[in-house]
Every structure is written in structure tokens, then in C-alpha cells.
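Worksheet for the structure shown next.
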Amino acid sequence: MNLSLLTLELGVIGLALALLLIDLWTPPALTGRLGLAAAIGLLLILALSWNMSGGPPVVGCGGMFARDGLALFFKRLFLAVGVLVVLMGVEYRERLALGFGEFNVILLIALAGMMFAASANDFVLLFVAMELMSVSFYVLVSFQRSRLPSLEAGVKYLILSALAAAFLVFGIALIFGVGNTTNFAALNAEGVRLAQDKLYWLGLLMVLLGLAFKIAAFPLQMWAPDVYQGAPTPVTALLAIGSKAAGFVLLLRVLFVAAPVLAAHWSKLLMLASAVTILYGNLCAIPQRNLKRLLGYSSIANAGYLLLGVAAVNASGAAAVLYYLAGYLFTLAAAFLVICVVMRDNEDIGALAGLSRRSPLLAGALALAMVSLAGVPPLAGFLGKFLLFRALIERGAAESPESFRSYWLAGVAVIGVVISLYYYFAVIRVMYWAKDPPDLSPIIVPARVQIPLAVCLVAMIYLGVMPGAVLAGATEAVKALKF
Amino acid sequence: MLAWTILISFLGAAALVLLPAESRRAARHTALLTALAGLACALAGAVQYERSAASGTPVDLVNFSWIADLHIHFHLAADGVSITLVLLTGIAAVAGVLFSWNIERRTREFFALYLALIGSVYGVFLSFDLFLLFVFYELAIIPKYFLIAVWGSTRREYGAMKLALYSLVGSAMVLVGLIAAYVVSGAQTFDLTELAKYHFPAAFQHWAFPLVFVGFAILAGLWPFHTWAPTGHVAAPTAGSMLLAGVVMKLGAYGALRVAMTLFPEGLRAWQNEIALLAVIGIVYGATVALVQRDLKFVIGYSSVSHMGFVLLGLMTLSKIGLSGAVLQMFSHGIIAGLLFAVVGRMVYDRAHTRDLTELQPMNLSALAPFAAVTFVIAGAASMGLPGFSGFIAELQVLAGAWQVFPRLTLLAGVGILVGIAFMVRVWIKAFFAEGDIKASAIPIEPISMPERAGALVLLGTTVLIGLWPGLLLNLITPTLNSTLFQGMVKGGPQ
């Protein structure tokens, strides 16, 4: 047992425990500071992570825990999400009836679960990390005990998540039954023999279903809009960014570390799931009026785009997934920060009317986020989609370069992008050019929102215009996977 | 010199964003200065190019590595074809600002979006890296959409969204084709000159060419994907329709020529007849529909579809005379359509508050606004393709080229020209020179202002200048068609 491998995770858990204790002696008026302290703590851990190098991959804790470039990339991602979400929480704290201290603690524990997921090299750790996240989210989603939508969202999440966990456990049991091990590396070594056994395929399929829930992809995507709408905004943000990213790192590890033999066979299946997810998310987003619900459907669509990269089954696809997630992180964080400040009790898109005059910063940030989500250059969202399409077309060209049929999924994906322009632009139009906005009182944006918002905006533009460094990092990180 | 056009336009847009919201005067002047500076750069660059490279080869302006991992370069270059269109953009930009002088609502934001659109258009015309070209092409969608959705008129939100979606569908098709070319060539580069050297497999070209060509041509108003054009033109504010017809439609035609036809010459041969047929249908259909419209802007909108049909027909001739006619027609139509929209949108609609021909009929506009009437008559004559104007020489070249390849289609296109004359004469009579019961002339309308006169003179002067002295542009275009980039597609033929 090499504890130094777990420095970052232990750091986050230690921070959570420390906050829990300090909260006992903090007067209620000062709890806001606790949130800021948590953010600073996470920033320090993030800084610490920069000190580590992906280096030669290390596997520890009985082969369960991998520390490689891929894990580190995702851990940095999660820590960045953590900082942004905790700051969002500070802004949101009056709306949480009670227990802001505990809110932060549970949030950090969910974060620790995601970080463990990034390193999972064994189905046991995979399951434990998933449950650590899920159980924390049960509490977080229904945190506003007096608000009915929040409770409803919590119950929905609980039931459907339990269903997904059941698939997962059953799948793991089958895999263990056939392979006699739950370790990814050991399963890979036996890959060719196991692939003969249909039960192994079934087990893996069920694991994929369990993961599809986490990333909100077809066929387990139904929960996302309801839960996104009901949950407190910072929790929605963590679900949309962190939980999805955790699902994807697990998907990458299961497919390309544990079962690369099967991954190639399932390319078509993944493509189909991706196509349906993209179309479902984008089509259902069109009539939405509630912004958080709209982002729920948009997050389904984005899960579909990300699946393109997985379905491509090549290194550039996996790298594109990582890059897209990095861009998605800052884009969505900016959107949710704005929602947190502006939409206090009314989450209808109409409530954004006149925002450009109430606060140019908030309006500009949300507009940029929407443009990036719509995939218009030169922002992060465009380059992410470009990389995903490229990986997909590389896959098609590898099969048969001359036939148009190998590129059909790219066609579906671009249709999705075209549809999405419609509803993203509608949000921008309301902010800037709505007729007779009812409320024109200026919104004062506190520094604790301004700074993270500025960071998100700079990151969105940086990732779109100067993708070199992050892309190189993503390409390096996916060397941990086999194709 | 030419690369400055892009930078200046975007800097102008940025400067406008930083201006205080109330300063309308300053906003107008900033926009005009920026547009003039862009035009000056374009002119200087054109003169410089013509003096330096008689051979017509592309000249590098800027070239540095942008995204090293993907081998994408920030590569700007220019040859005769791109310079012709850069000049058009410069002239249309200046005229558009002059005809937007009366915008009072959110002036600053209007001109900021306007200049951002101009900057992106310059960018498309000068990019020789296809990724960069695509970025500029997409970048233009945002200002286009908001210029129409916010400052437009009839059914503006519908028109704006339709245009944005059509543009995006087109660019999505282009993107898939471009990435496929990038991957299949194995060259891992988006550089136009590099990719053009690669011989793509015939089966690949057979679907990649229509994908990319139609993707671009949607924006050029290729029938039956033209339907965004009339609604978009009608919904747009005056300067918006001027730019849509004048410049944005050229983006599509330019992309089709520069990318689809250059990269996939075999695919081009395979689809040549089908596309020529669509182009001629566009010519006849656009003119015929224009003949029965009541809204004056719809008349001009459909006439744009008809005139852009000549561009596409010229491209499909694959002969030097037809191609140079097509490029010249892009320039010419940009100027003339801009002028027509300016008269209809600014001089007539802003004063009479209607564009309906039956309502305009009793107003006797020729007496109320003689300047508008004269301008419209001259612009209409240019649009018909009368000798002495730029449209004449362009359409003549296109028809001469087309006659050798598609004689029957050419006859049909000739019918389109006749219908074109008919609808223009109908508009002259109904809108300006109606006889009979004239009570409305008692209504006082504001006189045509200085900026309008200046803008009209710039556009009129250009079309007459090119009409009398087409060599000014043909000297740029023709040598370029001899360069290596065009060797794959041009079959030769006379001249």
C-alpha cells in the first residue's frame, strides 16, 4: 500500500474533514468564508498536482489504483471543477436553507470519488468510486429540503442511479465469474480467451449501461433534464461537468485498458448510441424554456458528441474527448456561474431579458458560453468538435476511405450541431435584444464571481485560439490507453 | 498590405465596442474610417500585386504555424481572383456604411457587428489554409444573424434564423468534406496549394465534390437551396441586404471555386452537367419569380438568385472565358445588387414606409425623389446587362463560355436574361413612373442625404468604370486562371 500515490485524494478528503470540524465552531454568519477556504484549499491541491508528472505509469494498492498521465489529466480537471463549483456554492448559500458547511463537505467527497474514478484500474475501485459519487449526489441534489423540485429531483436521481448501479454490479459479477479477476490489466491479458465467452460480453455490456447513466447517454439519459432542473445550481454544474467527465474516464479505462479486444467490435454499437444521443438531446432541447433544463438536454447532446471520440476507437479520438471535456468544463462553468447570480427564483429564459444592460459582464459571459457550445469558432467548443470529427473521419477512412458510408456518423453529428444553433442563439437574443425587459436594475457582481468568470472566459478563448499546449497534454495522457 | 484589411476591420469592431453607447456620431465615423482604410489597403494591395506578379500566381501575405500538432497554419495569400473579391468587399463595405448613416438604434453595436462581418469576409477571401478559411467562414454567421434579427424588418427573426441555419448546414457539409480530404490525402495538412497537388481517388472525389461544392453553393443561392436568399434579403436592414447580396453570396461562390473545384477536379467533371442545369434553372426561376413579386425587395432578392446562377453557370464551363466571366460577374453583381438594395431599402422604404409595388404606384416617386429614381433606373439597366455596365461584359463571357459546352442550356439562360429585362421594366414603371391619379405627391419626404448620394455614386461609378474598362479586373483575373492551381480544372478552349 503506497499512500504517496493517493496524495491528491487524501488531500481532498483531509480538506473535507477539516472543514467539517471547523464548521462546528464557526458562527453561521461566517460560513461563507468556509466556502472560500475550501476553494483555496482545492486550488492549493491543484497547484500540487502540477508538481507531479504523468511520468512512468505507476500501479499501486494491489493493482487497483493507477497513476498515469490520463489519471492526472482528469484529476486536474476535477480539481478545477471543484474550485469553480465551490465558489458557485458560496454565491448560492442563502438559497440553501441549512447546512452550508455540510454542503461543502459532501461536495468535496463527491469530488474525491471522481478523482478515485480517474485512477480506477479495477472494477472494485470503479464501483466504489461510482458509489462514492452517487451517494454524495443523492444528498446534494435534494439539499434544499423545503423546495419540492429539489426533493423530486433527488428521488429521481436516487431511483435511476440505483438502477444503473444494479446493472453495473451485475455486469461486474458476470465479468468476475468468467474471468476470475476484476483487475483491468489481468482482464486485458486474458482478453482473447475471455472474448470467446458470451457471458463476458454481456457483463461488459451491462457495465457500459451503468456508465451510460453517469454520462447521460442513450439509453439511460432520461434523468438528466429533470435532475438538472431541480438540483441546486452548483450541484447541477458538478453533475454536468464533473460527473460526466468521471463517467468518460471510466468508459475509456474499461474499453481501452480492460477490454481493448472487444472495443474495436463495439465501435458500431457506440456509434449508434452516440447518434441517438446527439439527436435526442438536440431535438428535445428546442422547445425548452427553463434554462437549466435546456442545459440538461444540451448536456445529453454533448455526451453524444463525446461518445463520437470513444466510438472512433483511436488515439486521436480519446485525445479529442479529453480536449473537449476541458473546453466543456470552462464553458459550462461560465454558464452556471451566470445562472447562479442572475436566476434567483425564475429560471425561465425570459428572465434573462435585458441582461446586457443589467450587467454586460454576465451577458457577455453567457453569450460566449452559448456560442462556444454551438461550436462556432474561434472558441473551445468549435475546436473540440473539430477534433472529434477528425478522429471519427480517421476511423472511417481507416475502414474504407473512398466510400461515403464510413462517414455517416459525422453527418448525424453535424445535423445535431446545426439544430443546436437554434436554441443557443435564442438565449443570446433574449439577453441582448429582448423587447421591453421588465427589470433593468443593475446586477452587482461580487469579486468571488467575477474572478472565476474571467478565468472561464479566458480559458474558453485560449483553448479555441491556442489549443497547442492542452492538445499536446491530452495526446500524451491517452498513451495510457491501448487501441 | 492586403492582410491589413482583416486586422483593420476587426480592430474597428473592437474600437466600436469600447466606445460609450450614446456616441452615435463617433460610431458612424469610426465605421466609415475603418471601411475606407480597408478599401485603401485593398486598392494598394491590388496595385502592388498587379505590378509585382504578372504570372498570376498566389502571393503569400502571412504564413506561420498556428496549431502545430494538426499542421494548421495561419496562411494568408492572394491571387487575382481573391483580390477581385477583396476589392468588392472594400467597396461594398464603404457603401454599406454610407447607406446605414440613419441607423439610430444601437448604432455602436450595429457597426461593430457590421465590421466584424466585413473582417470575416476579407478573411475568407485571403485564407489559403482551409482550416483558417473555414474559421472565417463560420465566424461570419454570428454577425449575419444578429444584424438581421435585431435591425431587420419583415419577419426578421425567421429570416435571420433561416439564413443562419442554411449557412451552418452548408458549412457543416464543407467541414466533413475538408476533414475527409485532410485524412484521406494522408498529407496531414490543410494548405490549399499542398492539398491541390494530391490526386484524390476518383470514388472519393465523386461524393466529396458535391458535398463541398453544394455546401458552399448553398450560400451562393444555388437552386433549390436558394430559399434563404429572398427571405434573408427582405428581412435584413439595408446594409445587411447589401452585404448579403453583395458579399456573402460571393463567399459561397468563391468557396466553391477555390476549394471544391480546385481540390476535386474529377468529381467536378462528373457533376458538371447536373450543376450547370441547376444553375440555369436558378437563372430562369429567379427571374420569373421576380416578375410577379409585389414587395420590391423580393424582386431584387429573387433577381440575385438569377444573377448568381450566371456565376455558377460560368464556373461550370471550365473554360477560361467562362471562369473569368464568373469571377467578373461575382464582382459586378455585388456592386449592382448592393446599389439596388440601397435604393429600395434606404431611399424608398425609409421614406415611403412601404415596398409594396401597388402602394408605391400612386406615389409618383420619380417626382418626389428624382435622385432615387435616376439611380434605380441606371442600376436596373446595369442589372439587365446593358452594354456600358460591368454586368454586360461578365454575362457575355459566361454565355460565350457556356455556349461551347451546353448550347441548349445557354439558350435557356438567354431566356432568363429576357425575363430579367421584363421584371426590371415592370419595377421601373410601377415604382417610379406610374401615370394617373397622383395625390400622394403632396406628402413631403425628406430629401436624399449626402451620405446616400456619396454611396450611390461610389457604386454607380464602379459599375460604369468596369463596364467601360473591364481590363482593370480582367488583367487580375485572367493571368490567375493560367496558374497551377487552376490547371486541374481548366480545359483550355479559346482565349
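As shown in the C-alpha cells, the chain order sets the letters A, B, ...; within each chain, residues go from 1, and ligands are also counted from 1 in the order they appear.
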All residues 8 Å or closer to A:Thr31, only C-alpha atoms, same chain fewer than 6 positions away omitted, as a PDB file with all heavy atoms, in the first residue's frame:
ATOM      1  N   ASP A  23     -16.360  23.789  10.868  1.00  0.00           N
ATOM      2  CA  ASP A  23     -17.738  24.254  10.780  1.00  0.00           C
ATOM      3  C   ASP A  23     -18.416  24.230  12.143  1.00  0.00           C
ATOM      4  O   ASP A  23     -19.282  25.061  12.446  1.00  0.00           O
ATOM      5  CB  ASP A  23     -18.499  23.370   9.786  1.00  0.00           C
ATOM      6  CG  ASP A  23     -19.925  23.853   9.574  1.00  0.00           C
ATOM      7  OD1 ASP A  23     -20.077  25.074   9.380  1.00  0.00           O
ATOM      8  OD2 ASP A  23     -20.852  23.038   9.604  1.00  0.00           O
ATOM      9  N   PHE A 100     -24.766  24.898   5.162  1.00  0.00           N
ATOM     10  CA  PHE A 100     -23.826  25.213   4.106  1.00  0.00           C
ATOM     11  C   PHE A 100     -22.494  24.497   4.334  1.00  0.00           C
ATOM     12  O   PHE A 100     -21.825  24.073   3.396  1.00  0.00           O
ATOM     13  CB  PHE A 100     -23.628  26.720   4.027  1.00  0.00           C
ATOM     14  CG  PHE A 100     -22.676  27.131   2.957  1.00  0.00           C
ATOM     15  CD1 PHE A 100     -22.984  26.878   1.635  1.00  0.00           C
ATOM     16  CD2 PHE A 100     -21.475  27.738   3.259  1.00  0.00           C
ATOM     17  CE1 PHE A 100     -22.103  27.234   0.632  1.00  0.00           C
ATOM     18  CE2 PHE A 100     -20.595  28.104   2.267  1.00  0.00           C
ATOM     19  CZ  PHE A 100     -20.911  27.849   0.947  1.00  0.00           C
ATOM     20  N   GLY A 101     -22.111  24.346   5.608  1.00  0.00           N
ATOM     21  CA  GLY A 101     -20.854  23.658   5.922  1.00  0.00           C
ATOM     22  C   GLY A 101     -20.870  22.242   5.387  1.00  0.00           C
ATOM     23  O   GLY A 101     -19.957  21.800   4.675  1.00  0.00           O
TER      24      GLY A 101
END
Using only C-alpha atoms, I'd like a table of the residues in chain A that come within 8 Å of chain B; for each, show the closest atom pair and its distance in Å rounded to one decimal, ordered by chain and ascending number, as a tab-separated table.
residue	atom	partner	partner_atom	distance
A:Val376	CA	B:Glu138	CA	6.4
A:Pro377	CA	B:Val135	CA	5.8
A:Pro378	CA	B:Val135	CA	6.9
A:Phe389	CA	B:Val176	CA	7.6
A:Arg390	CA	B:Ile179	CA	6.0
A:Ile393	CA	B:Ala180	CA	6.2
A:Glu394	CA	B:Val183	CA	6.0
A:Ala397	CA	B:Val184	CA	6.4
A:Pro401	CA	B:Val184	CA	6.3
A:Glu402	CA	B:Phe204	CA	4.4
A:Ser403	CA	B:Phe204	CA	6.6
A:Phe404	CA	B:Trp207	CA	6.8
A:Ala410	CA	B:Val176	CA	6.9
A:Gly411	CA	B:Val176	CA	7.6
A:Val414	CA	B:Ala172	CA	5.7
A:Ile415	CA	B:Val169	CA	7.3
A:Val418	CA	B:Leu168	CA	5.9
A:Ile419	CA	B:Leu165	CA	7.9
A:Leu421	CA	B:Leu165	CA	7.5
A:Tyr422	CA	B:Met161	CA	7.2
A:Trp433	CA	B:Val150	CA	6.7
A:Met466	CA	B:Ile67	CA	7.1
A:Pro467	CA	B:Ile67	CA	6.7
A:Gly468	CA	B:Ile67	CA	5.7
A:Leu471	CA	B:Asp69	CA	7.8
A:Ala472	CA	B:Asp69	CA	7.3
(request) Check stretch 309-467 of chain B with DSSP on the backbone and list each residue it calls alpha helix (DSSP H), as a PyMOL selection string. (result) chain B and resi 309-317+320-341+350-352+357-360+365-368+370-384+390-405+407-427+450-467
(request) Mind checking which residues fall within 12 Å of B:Gly90, counting only C-alpha atoms, ignoring those fewer than 5 positions away in the same chain, and posting them as a ChimeraX atom specification? (result) /B:2,4-6,8-9,32-46,83-85,95-97,115,118-119,121-122,125,243,246-247,331,334-335,458-459,462
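Residues within 12 Å of A:Pro149, counting only C-alpha atoms and excluding same-chain residues fewer than 4 positions away, are Val141, Ser142, Phe143, Gln144, Arg145, Ala153, Gly154, Val155, Lys156, Asp226, Val227, Tyr228, Gln229, Gly230, Ala231 and Pro232 of chain A.
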Using the selection just defined, write its residues with C-alpha atoms as a PDB file, in the first residue's frame.
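New file again-v7.pdb:
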ATOM      1  CA  VAL A 141     -29.380  17.079  -5.362  1.00  0.00           C
ATOM      2  CA  SER A 142     -32.073  17.162  -2.679  1.00  0.00           C
ATOM      3  CA  PHE A 143     -30.213  19.572  -0.454  1.00  0.00           C
ATOM      4  CA  GLN A 144     -32.927  22.223  -0.480  1.00  0.00           C
ATOM      5  CA  ARG A 145     -35.204  20.266   1.808  1.00  0.00           C
ATOM      6  CA  ALA A 153     -35.013  15.578  -8.443  1.00  0.00           C
ATOM      7  CA  GLY A 154     -33.283  13.839  -5.561  1.00  0.00           C
ATOM      8  CA  VAL A 155     -35.739  10.944  -5.572  1.00  0.00           C
ATOM      9  CA  LYS A 156     -35.497  10.561  -9.336  1.00  0.00           C
ATOM     10  CA  ASP A 226     -35.326  16.640 -14.529  1.00  0.00           C
ATOM     11  CA  VAL A 227     -32.423  16.401 -12.152  1.00  0.00           C
ATOM     12  CA  TYR A 228     -30.555  19.316 -13.703  1.00  0.00           C
ATOM     13  CA  GLN A 229     -33.618  21.482 -13.354  1.00  0.00           C
ATOM     14  CA  GLY A 230     -34.403  20.561  -9.766  1.00  0.00           C
ATOM     15  CA  ALA A 231     -30.966  20.397  -8.217  1.00  0.00           C
ATOM     16  CA  PRO A 232     -29.325  23.457  -6.657  1.00  0.00           C
TER      17      PRO A 232
END
(message) Residues within 12 Å of B:Ala112, please, as a ChimeraX atom specification. Count only C-alpha atoms; anything in the same chain fewer than 5 positions from it doesn't count.
(response) /B:9-19,21,24,27-28,30-32,34-35,97,106-107,117-119,142-144,146-147
Could you write out that same residue set with N, CA, C and O atoms as a compact mmCIF listing (two decimals), in the first residue's frame?
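Listed below is the output, part.txt:
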# COMPACT_ATOMS: atom_id res chain seq x y z
N SER B 9 -10.42 45.78 -39.97
CA SER B 9 -11.86 45.64 -39.74
C SER B 9 -12.15 45.15 -38.33
O SER B 9 -13.04 45.67 -37.65
N PHE B 10 -11.40 44.15 -37.88
CA PHE B 10 -11.67 43.65 -36.53
C PHE B 10 -11.28 44.68 -35.48
O PHE B 10 -11.95 44.82 -34.45
N LEU B 11 -10.20 45.42 -35.74
CA LEU B 11 -9.82 46.47 -34.79
C LEU B 11 -10.91 47.53 -34.73
O LEU B 11 -11.26 48.03 -33.65
N GLY B 12 -11.46 47.87 -35.89
CA GLY B 12 -12.55 48.84 -35.92
C GLY B 12 -13.72 48.36 -35.10
O GLY B 12 -14.33 49.10 -34.31
N ALA B 13 -14.06 47.07 -35.25
CA ALA B 13 -15.17 46.49 -34.49
C ALA B 13 -14.87 46.57 -33.00
O ALA B 13 -15.73 46.94 -32.18
N ALA B 14 -13.64 46.24 -32.63
CA ALA B 14 -13.27 46.28 -31.21
C ALA B 14 -13.35 47.71 -30.68
O ALA B 14 -13.85 47.95 -29.58
N ALA B 15 -12.87 48.66 -31.49
CA ALA B 15 -12.91 50.06 -31.06
C ALA B 15 -14.36 50.49 -30.82
O ALA B 15 -14.65 51.20 -29.84
N LEU B 16 -15.26 50.04 -31.69
CA LEU B 16 -16.66 50.43 -31.52
C LEU B 16 -17.24 49.87 -30.23
O LEU B 16 -18.03 50.53 -29.55
N VAL B 17 -16.86 48.64 -29.88
CA VAL B 17 -17.37 48.04 -28.65
C VAL B 17 -16.95 48.88 -27.46
O VAL B 17 -17.69 49.03 -26.49
N LEU B 18 -15.74 49.48 -27.55
CA LEU B 18 -15.24 50.24 -26.41
C LEU B 18 -15.80 51.65 -26.34
O LEU B 18 -15.69 52.31 -25.31
N LEU B 19 -16.42 52.13 -27.42
CA LEU B 19 -17.00 53.48 -27.40
C LEU B 19 -18.16 53.54 -26.41
O LEU B 19 -18.82 52.53 -26.18
N ALA B 21 -21.95 54.07 -25.26
CA ALA B 21 -23.12 53.65 -26.03
C ALA B 21 -23.83 54.81 -26.72
O ALA B 21 -24.45 54.63 -27.75
N ARG B 24 -23.35 58.14 -31.11
CA ARG B 24 -23.72 57.63 -32.42
C ARG B 24 -22.83 58.19 -33.52
O ARG B 24 -22.42 57.51 -34.44
N ALA B 27 -19.53 56.64 -33.60
CA ALA B 27 -19.62 55.28 -34.09
C ALA B 27 -19.65 55.27 -35.62
O ALA B 27 -18.95 54.51 -36.28
N ARG B 28 -20.49 56.17 -36.19
CA ARG B 28 -20.59 56.23 -37.65
C ARG B 28 -19.25 56.57 -38.28
O ARG B 28 -18.82 55.95 -39.26
N THR B 30 -16.26 56.24 -37.00
CA THR B 30 -15.28 55.16 -36.85
C THR B 30 -15.52 54.10 -37.91
O THR B 30 -14.58 53.61 -38.56
N ALA B 31 -16.79 53.75 -38.10
CA ALA B 31 -17.11 52.70 -39.06
C ALA B 31 -16.69 53.12 -40.46
O ALA B 31 -16.08 52.33 -41.21
N LEU B 32 -16.98 54.37 -40.81
CA LEU B 32 -16.65 54.83 -42.16
C LEU B 32 -15.14 54.84 -42.37
O LEU B 32 -14.64 54.38 -43.40
N THR B 34 -12.93 53.05 -40.81
CA THR B 34 -12.43 51.68 -40.89
C THR B 34 -12.67 51.10 -42.27
O THR B 34 -11.77 50.49 -42.88
N ALA B 35 -13.90 51.30 -42.78
CA ALA B 35 -14.22 50.75 -44.09
C ALA B 35 -13.34 51.37 -45.16
O ALA B 35 -12.83 50.69 -46.06
N VAL B 97 -21.78 51.36 -45.16
CA VAL B 97 -21.75 52.30 -44.03
C VAL B 97 -22.50 53.57 -44.41
O VAL B 97 -23.28 54.11 -43.63
N ARG B 106 -29.08 51.63 -31.33
CA ARG B 106 -27.88 50.83 -31.04
C ARG B 106 -26.86 50.93 -32.17
O ARG B 106 -26.37 49.92 -32.69
N THR B 107 -26.58 52.16 -32.53
CA THR B 107 -25.68 52.42 -33.65
C THR B 107 -24.34 51.72 -33.48
O THR B 107 -23.81 51.10 -34.40
N LEU B 117 -18.38 41.37 -39.54
CA LEU B 117 -18.76 40.60 -40.74
C LEU B 117 -17.79 40.89 -41.88
O LEU B 117 -17.30 39.98 -42.55
N ILE B 118 -17.50 42.18 -42.08
CA ILE B 118 -16.57 42.56 -43.15
C ILE B 118 -15.21 41.90 -42.94
O ILE B 118 -14.60 41.35 -43.88
N GLY B 119 -14.75 41.94 -41.69
CA GLY B 119 -13.44 41.35 -41.39
C GLY B 119 -13.42 39.87 -41.71
O GLY B 119 -12.46 39.36 -42.31
N ILE B 142 -22.29 34.63 -37.10
CA ILE B 142 -22.83 35.32 -35.93
C ILE B 142 -23.26 36.75 -36.27
O ILE B 142 -24.41 37.12 -36.03
N PRO B 143 -22.37 37.58 -36.84
CA PRO B 143 -22.84 38.93 -37.17
C PRO B 143 -23.98 38.95 -38.18
O PRO B 143 -24.91 39.76 -38.05
N LYS B 144 -23.94 38.04 -39.16
CA LYS B 144 -25.04 37.99 -40.14
C LYS B 144 -26.36 37.81 -39.42
O LYS B 144 -27.33 38.51 -39.66
N PHE B 146 -27.24 38.30 -36.24
CA PHE B 146 -27.72 39.36 -35.35
C PHE B 146 -28.03 40.65 -36.09
O PHE B 146 -28.93 41.39 -35.69
N LEU B 147 -27.30 40.93 -37.18
CA LEU B 147 -27.64 42.13 -37.96
C LEU B 147 -29.08 42.05 -38.45
O LEU B 147 -29.82 43.04 -38.43
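Atom CA of A:Glu152 sits 27.1 Å away from atom CA of A:Leu20.
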For A:Leu251, work out the shell of residues within 7 Å, counting only C-alpha atoms and skipping chain neighbours fewer than 4 positions away, then give it as a JSON list (two decimals) with C-alpha atoms, in the first residue's frame.
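Result file result-v6.json:
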[["chain", "number", "residue", "atom", "x", "y", "z"],
["A", 211, "LEU", "CA", -21.63, 4.10, -17.24],
["A", 247, "GLY", "CA", -18.10, 8.65, -16.47],
["A", 255, "LEU", "CA", -12.86, -0.07, -23.05]]
(request) List the neighbours of B:Leu339 out to 12 Å using only C-alpha atoms; skip same-chain residues closer than 2 positions along the sequence, and give me the result as a ChimeraX atom specification. (result) /B:91-92,95-96,98-99,238-239,241-243,245-246,300,332-337,341-347,372,374-383,452-463
